[in-house]
Amino acid sequence: MTADRSTAHGGGPTVPGRGRPGGGSAGRALPPPGAARRAAAYPRVPRGREGAQRVMAGRPGARLPAGLRPRPPAQPRGSALRGLARLPGRLRVAWDRPLTAYYVILGAGALITVLGLVMVYSASMIQALRLGLPSTFYFRKQLLAVAIGAVLMWAAVRLPVRTHRALAYPLLLGAVFLMMLVQVPGIGQTVNGNTNWISIGGPFQLQPSEFGKLALVLWGADLLARKSDKNMLVQWKHLLVPLVPVAVLLLGLIMLGGDMGTTMILTAILFGMLWLAGAPTRLFAGVLAGAGALAALAVATNPNRMGRLHCIGASDPGTGDQCWQAVHGIYALASGGWFGSGLGASVEKWGELPEPHTDFIFAVTGEELGLAGTLSVLALFAALGYAGIRVAGRTEDPFVRFAAGGVTTWIMAQAVINIGAVLGLLPIAGVPLPLFSYGGSALLPTMFAVGLLICFARDEPAARAALAARGRQSRIAPIRRAMTRTMRRRARRRPSGER
């Protein structure tokens, strides 16, 4: 009777054994049929990550926001060893990506330049104060050169390859004219026994032979590329003429000023381009033997150069302190230890080590930053050189191949000559460390040359496609982020029982 009465009054069915409070054995009324259907159609969904995953699982093609995606399962203990075993393969895959050389050249060049600025400031403070100049004198001049070099690098990156080829002949003629102007009495300036400078007003001087390196690279690459297109490089006379005579002209003008170090670098550039052009081994060996004989004659006829040759591996300044600079460079490196004495804490730069901010800045780096600092510099140069070789090896444009190979040979040869002299493995040649040592005349053409490498790395077809895809993604990414934020706000606003 109780059940019939409750049903007749519009109540739902009851559950036996569960009564109302104080109602004895009377049953509790169930939800009406409409509420049951709604509960079956719209089940309760928990909040948070689990709820979002259950909702999105019912929508094919839907993509969870990054913060709500399921976490990967925990890896077993042996996965770390498997990850280390896969590391070489992953690095190989990463290195084979189209934009790897572009980013490596840009990053290594920027890091070397910035670290060089720091070390120029640290190594030149005492030298400036000894000359009665402000402690930041050399640093400010180098910072100005870096700013101008950055503009030149940007221009080199943005200019098309055909414009670089068009600059080859004007640059060569300008470099030859300035190098001839150096030999005019009253115009050329002598610095440390070498007459290779032109005063351009105030404390600023220009060394035209540094721009001769860039001129030889661009002009030689354009010449060899045009001959390669006509299949003329198979004949030795077309391979050597007029490349070798023009290079000998540049070398002669430099040797008139007594700069043996720059002569060695231009010779290395010449041999590197001949090697890339596919010079036969006999021809290559013959030109190398001739260059070696001329170099031996130039060293034997100059007592100063003979003295530098005798200082290789020296551990004592010797009679007349002729090996003073070489020995104190070794002292600086030896006193640095693993991590150095700290920035600005070098002892050798207090008058003991000549040219601490130019030719021997690597020694000051070893003393203040230790073995870790010097190995970092070497690693950056190695990365820059390897990326340059990759650009030269992967391109199908002959001009790009010869120009990239010439620039890479130039920077690597100059770095090896400078660091080898500091380490006592090579004679002191008086050449700066590229992008690192003080000197605007050396820095400006080198930064332009690094811009050339970046331009060539961007010009690869795969790199152009990857950069275009990056540009499209950069335009779409803000829209995706806005949609993700909107989805998260809506998920937080919904009640727990809604979908």
# chains A, B, ... in the order shown; residues from 1 in each chain; ligands from 1
>>> residues_around(residues="stretch 287-300 of chain A", least_positions_apart="6", cutoff="8 Å", atoms="only C-alpha atoms", output="PDB file with N, CA, C and O atoms, in the first residue's frame")
ATOM      1  N   THR A 267      99.561  32.418 -49.534  1.00  0.00           N
ATOM      2  CA  THR A 267     100.030  31.197 -50.194  1.00  0.00           C
ATOM      3  C   THR A 267      99.127  30.011 -49.858  1.00  0.00           C
ATOM      4  O   THR A 267      98.808  29.191 -50.729  1.00  0.00           O
ATOM      5  N   PHE A 271      96.981  27.694 -52.540  1.00  0.00           N
ATOM      6  CA  PHE A 271      97.063  26.233 -52.624  1.00  0.00           C
ATOM      7  C   PHE A 271      95.707  25.576 -52.340  1.00  0.00           C
ATOM      8  O   PHE A 271      95.366  24.556 -52.947  1.00  0.00           O
ATOM      9  N   MET A 306     115.433  34.457 -39.215  1.00  0.00           N
ATOM     10  CA  MET A 306     116.231  33.320 -38.750  1.00  0.00           C
ATOM     11  C   MET A 306     116.176  33.195 -37.230  1.00  0.00           C
ATOM     12  O   MET A 306     116.095  32.095 -36.678  1.00  0.00           O
TER      13      MET A 306
END
>>> atom_distance(atom1="atom CA of A:Met180", atom2="atom CA of A:Leu443")
21.6 Å
>>> select_by_dssp(residues="stretch 119-286 of chain A", states="alpha helix (DSSP H)", output="VMD selection string")
chain A and resid 119 to 130 137 to 158 161 to 166 168 to 182 208 to 229 236 to 240 243 to 256 260 to 276 281 to 286
>>> residues_around(residues="stretch 210-221 of chain A", least_positions_apart="6", cutoff="10 Å", atoms="only C-alpha atoms", output="PyMOL selection string")
chain A and resi 164-176+178-179+196+227+242-244+246-247+250-251+254+262-263+265-267+269-270+273-274+277+398-407+409-410+440-446+448-449+452
>>> write_last_selection(atoms="C-alpha atoms", output="compact mmCIF listing (two decimals), in the first residue's frame")
# COMPACT_ATOMS: atom_id res chain seq x y z
CA HIS A 164 79.60 38.88 -54.81
CA ARG A 165 80.97 37.75 -58.14
CA ALA A 166 80.55 41.26 -59.51
CA LEU A 167 82.57 42.68 -56.56
CA ALA A 168 85.59 40.48 -57.32
CA TYR A 169 87.37 42.63 -59.90
CA PRO A 170 86.78 46.06 -58.25
CA LEU A 171 87.97 44.66 -54.92
CA LEU A 172 91.11 43.18 -56.49
CA LEU A 173 91.99 46.43 -58.28
CA GLY A 174 91.39 48.45 -55.11
CA ALA A 175 93.54 46.14 -53.01
CA VAL A 176 96.42 46.23 -55.52
CA LEU A 178 96.33 50.42 -51.92
CA MET A 179 99.17 47.93 -51.57
CA ASN A 196 102.21 47.57 -44.59
CA LYS A 227 86.84 28.28 -66.44
CA PRO A 242 96.33 34.06 -64.59
CA LEU A 243 95.61 32.87 -61.02
CA VAL A 244 99.21 32.20 -60.01
CA VAL A 246 98.18 37.62 -59.87
CA ALA A 247 98.79 35.82 -56.57
CA LEU A 250 100.05 40.29 -54.35
CA LEU A 251 102.73 38.28 -52.55
CA ILE A 254 103.35 42.25 -49.36
CA THR A 262 100.46 37.52 -44.43
CA THR A 263 102.49 36.05 -47.30
CA ILE A 265 98.35 33.01 -45.46
CA LEU A 266 97.92 34.16 -49.08
CA THR A 267 100.03 31.20 -50.19
CA ILE A 269 94.70 30.41 -49.87
CA LEU A 270 96.25 29.88 -53.31
CA MET A 273 91.89 26.92 -54.25
CA LEU A 274 94.18 24.93 -56.53
CA ALA A 277 90.09 23.01 -58.60
CA PRO A 398 81.53 26.20 -58.66
CA PHE A 399 81.91 29.79 -57.45
CA VAL A 400 80.42 28.94 -54.07
CA ARG A 401 82.66 25.89 -53.77
CA PHE A 402 85.87 27.81 -54.52
CA ALA A 403 84.93 30.86 -52.45
CA ALA A 404 83.82 28.83 -49.41
CA GLY A 405 86.96 26.70 -49.63
CA GLY A 406 89.15 29.80 -49.93
CA VAL A 407 87.56 31.53 -46.94
CA THR A 409 91.44 27.88 -45.78
CA TRP A 410 92.18 31.52 -44.96
CA GLY A 440 90.19 46.48 -37.21
CA SER A 441 92.03 45.99 -40.50
CA ALA A 442 92.07 42.24 -39.92
CA LEU A 443 88.61 42.07 -38.37
CA LEU A 444 86.59 43.82 -41.10
CA PRO A 445 87.48 41.58 -44.08
CA THR A 446 87.28 38.49 -41.88
CA PHE A 448 82.76 39.95 -44.34
CA ALA A 449 84.23 36.56 -45.23
CA LEU A 452 80.02 35.03 -47.25
>>> atom_distance(atom1="atom CA of A:Leu433", atom2="atom CA of A:Pro303")
25.1 Å
>>> residues_around(residues="stretch 126-138 of chain A", least_positions_apart="4", cutoff="7 Å", atoms="only C-alpha atoms", output="compact mmCIF listing (two decimals) with N, CA, C and O atoms, in the first residue's frame")
# COMPACT_ATOMS: atom_id res chain seq x y z
N TYR A 121 89.72 43.53 -24.13
CA TYR A 121 89.61 44.47 -23.01
C TYR A 121 90.52 44.06 -21.85
O TYR A 121 91.21 44.89 -21.24
N GLN A 142 88.19 48.48 -30.84
CA GLN A 142 87.78 47.15 -31.31
C GLN A 142 86.26 47.04 -31.37
O GLN A 142 85.72 46.42 -32.29
N LYS A 349 100.75 39.98 -18.80
CA LYS A 349 100.39 41.19 -19.55
C LYS A 349 100.91 42.46 -18.89
O LYS A 349 100.84 43.53 -19.48
N TRP A 350 101.46 42.37 -17.69
CA TRP A 350 102.00 43.53 -16.99
C TRP A 350 103.42 43.83 -17.48
O TRP A 350 104.35 43.98 -16.68
>>> closest_residue(among="A:Ile454, A:Val416, A:Leu276, A:Leu143", to="A:Met119", atoms="only C-alpha atoms")
A:Leu143
>>> closest_atom_pairs(of="stretch 262-368 of chain A", to="stretch 435-438 of chain A", cutoff="10 Å", atoms="only C-alpha atoms", output="tab-separated table")
residue	atom	partner	partner_atom	distance
A:Glu355	CA	A:Tyr438	CA	9.8
A:Pro356	CA	A:Ser437	CA	9.2
A:His357	CA	A:Tyr438	CA	5.8
A:Thr358	CA	A:Ser437	CA	4.8
A:Asp359	CA	A:Ser437	CA	6.9
A:Phe360	CA	A:Ser437	CA	8.2
A:Ile361	CA	A:Ser437	CA	6.2
A:Phe362	CA	A:Ser437	CA	8.3
>>> atom_distance(atom1="atom CA of A:Trp236", atom2="atom CA of A:Gly272")
16.0 Å
>>> closest_residue(among="A:Pro245, A:Gly337, A:Gly258, A:Gly388", to="A:Ala457", atoms="only C-alpha atoms")
A:Gly388
>>> closest_residue(among="A:Met125, A:Arg394, A:Ile198, A:Ala156", to="A:Pro185", atoms="only C-alpha atoms")
A:Ile198
>>> select_by_dssp(residues="stretch 59-308 of chain A", states="strand (DSSP E or B)", output="ChimeraX atom specification")
/A:188-191,194-199,205-206
>>> residues_around(residues="A:Leu115", least_positions_apart="2", cutoff="10 Å", atoms="only C-alpha atoms", output="PyMOL selection string")
chain A and resi 110-113+117-120+365+373+377+435-437
>>> write_last_selection(atoms="N, CA, C and O atoms", output="mmCIF file, in the first residue's frame")
data_model
loop_
_atom_site.group_PDB
_atom_site.id
_atom_site.type_symbol
_atom_site.label_atom_id
_atom_site.label_comp_id
_atom_site.auth_asym_id
_atom_site.auth_seq_id
_atom_site.Cartn_x
_atom_site.Cartn_y
_atom_site.Cartn_z
ATOM 1 N N ALA A 110 79.930 34.409 -34.087
ATOM 2 C CA ALA A 110 79.508 35.381 -33.073
ATOM 3 C C ALA A 110 80.185 35.126 -31.735
ATOM 4 O O ALA A 110 80.628 36.073 -31.062
ATOM 5 N N LEU A 111 80.297 33.869 -31.323
ATOM 6 C CA LEU A 111 80.922 33.561 -30.033
ATOM 7 C C LEU A 111 82.408 33.913 -30.036
ATOM 8 O O LEU A 111 82.928 34.457 -29.051
ATOM 9 N N ILE A 112 83.105 33.618 -31.127
ATOM 10 C CA ILE A 112 84.526 33.971 -31.195
ATOM 11 C C ILE A 112 84.702 35.479 -31.122
ATOM 12 O O ILE A 112 85.593 35.991 -30.401
ATOM 13 N N THR A 113 83.856 36.233 -31.818
ATOM 14 C CA THR A 113 83.972 37.687 -31.808
ATOM 15 C C THR A 113 83.681 38.270 -30.436
ATOM 16 O O THR A 113 84.408 39.154 -29.951
ATOM 17 N N LEU A 117 86.273 40.194 -27.912
ATOM 18 C CA LEU A 117 86.089 41.517 -27.323
ATOM 19 C C LEU A 117 86.421 41.511 -25.828
ATOM 20 O O LEU A 117 87.083 42.421 -25.320
ATOM 21 N N VAL A 118 85.946 40.492 -25.137
ATOM 22 C CA VAL A 118 86.220 40.395 -23.699
ATOM 23 C C VAL A 118 87.716 40.275 -23.439
ATOM 24 O O VAL A 118 88.284 40.959 -22.564
ATOM 25 N N MET A 119 88.395 39.436 -24.212
ATOM 26 C CA MET A 119 89.817 39.233 -23.986
ATOM 27 C C MET A 119 90.652 40.429 -24.439
ATOM 28 O O MET A 119 91.699 40.716 -23.853
ATOM 29 N N VAL A 120 90.206 41.147 -25.474
ATOM 30 C CA VAL A 120 90.923 42.366 -25.872
ATOM 31 C C VAL A 120 90.869 43.385 -24.752
ATOM 32 O O VAL A 120 91.873 44.049 -24.436
ATOM 33 N N THR A 365 94.626 34.434 -22.923
ATOM 34 C CA THR A 365 93.416 33.640 -22.732
ATOM 35 C C THR A 365 93.711 32.368 -21.949
ATOM 36 O O THR A 365 92.959 31.987 -21.040
ATOM 37 N N GLY A 373 89.360 27.347 -21.252
ATOM 38 C CA GLY A 373 89.128 28.469 -22.155
ATOM 39 C C GLY A 373 89.791 28.276 -23.504
ATOM 40 O O GLY A 373 89.185 28.555 -24.555
ATOM 41 N N VAL A 377 88.026 27.871 -27.310
ATOM 42 C CA VAL A 377 88.355 28.646 -28.503
ATOM 43 C C VAL A 377 88.700 27.718 -29.667
ATOM 44 O O VAL A 377 88.251 27.913 -30.811
ATOM 45 N N LEU A 435 89.134 37.064 -35.931
ATOM 46 C CA LEU A 435 87.931 37.426 -35.169
ATOM 47 C C LEU A 435 88.189 37.588 -33.686
ATOM 48 O O LEU A 435 87.259 37.932 -32.935
ATOM 49 N N PHE A 436 89.396 37.386 -33.228
ATOM 50 C CA PHE A 436 89.686 37.314 -31.795
ATOM 51 C C PHE A 436 90.666 38.397 -31.355
ATOM 52 O O PHE A 436 90.449 39.046 -30.329
ATOM 53 N N SER A 437 91.727 38.576 -32.107
ATOM 54 C CA SER A 437 92.760 39.534 -31.722
ATOM 55 C C SER A 437 92.318 40.958 -32.004
ATOM 56 O O SER A 437 91.382 41.219 -32.772
#
>>> closest_residue(among="A:Gly201, A:Gly451, A:Gly261, A:Gly336", to="A:Asn418", atoms="only C-alpha atoms")
A:Gly261
>>> residues_around(residues="stretch 232-234 of chain A", least_positions_apart="3", cutoff="12 Å", atoms="only C-alpha atoms", output="PyMOL selection string")
chain A and resi 223-229+237-241+243+274-280+283+398
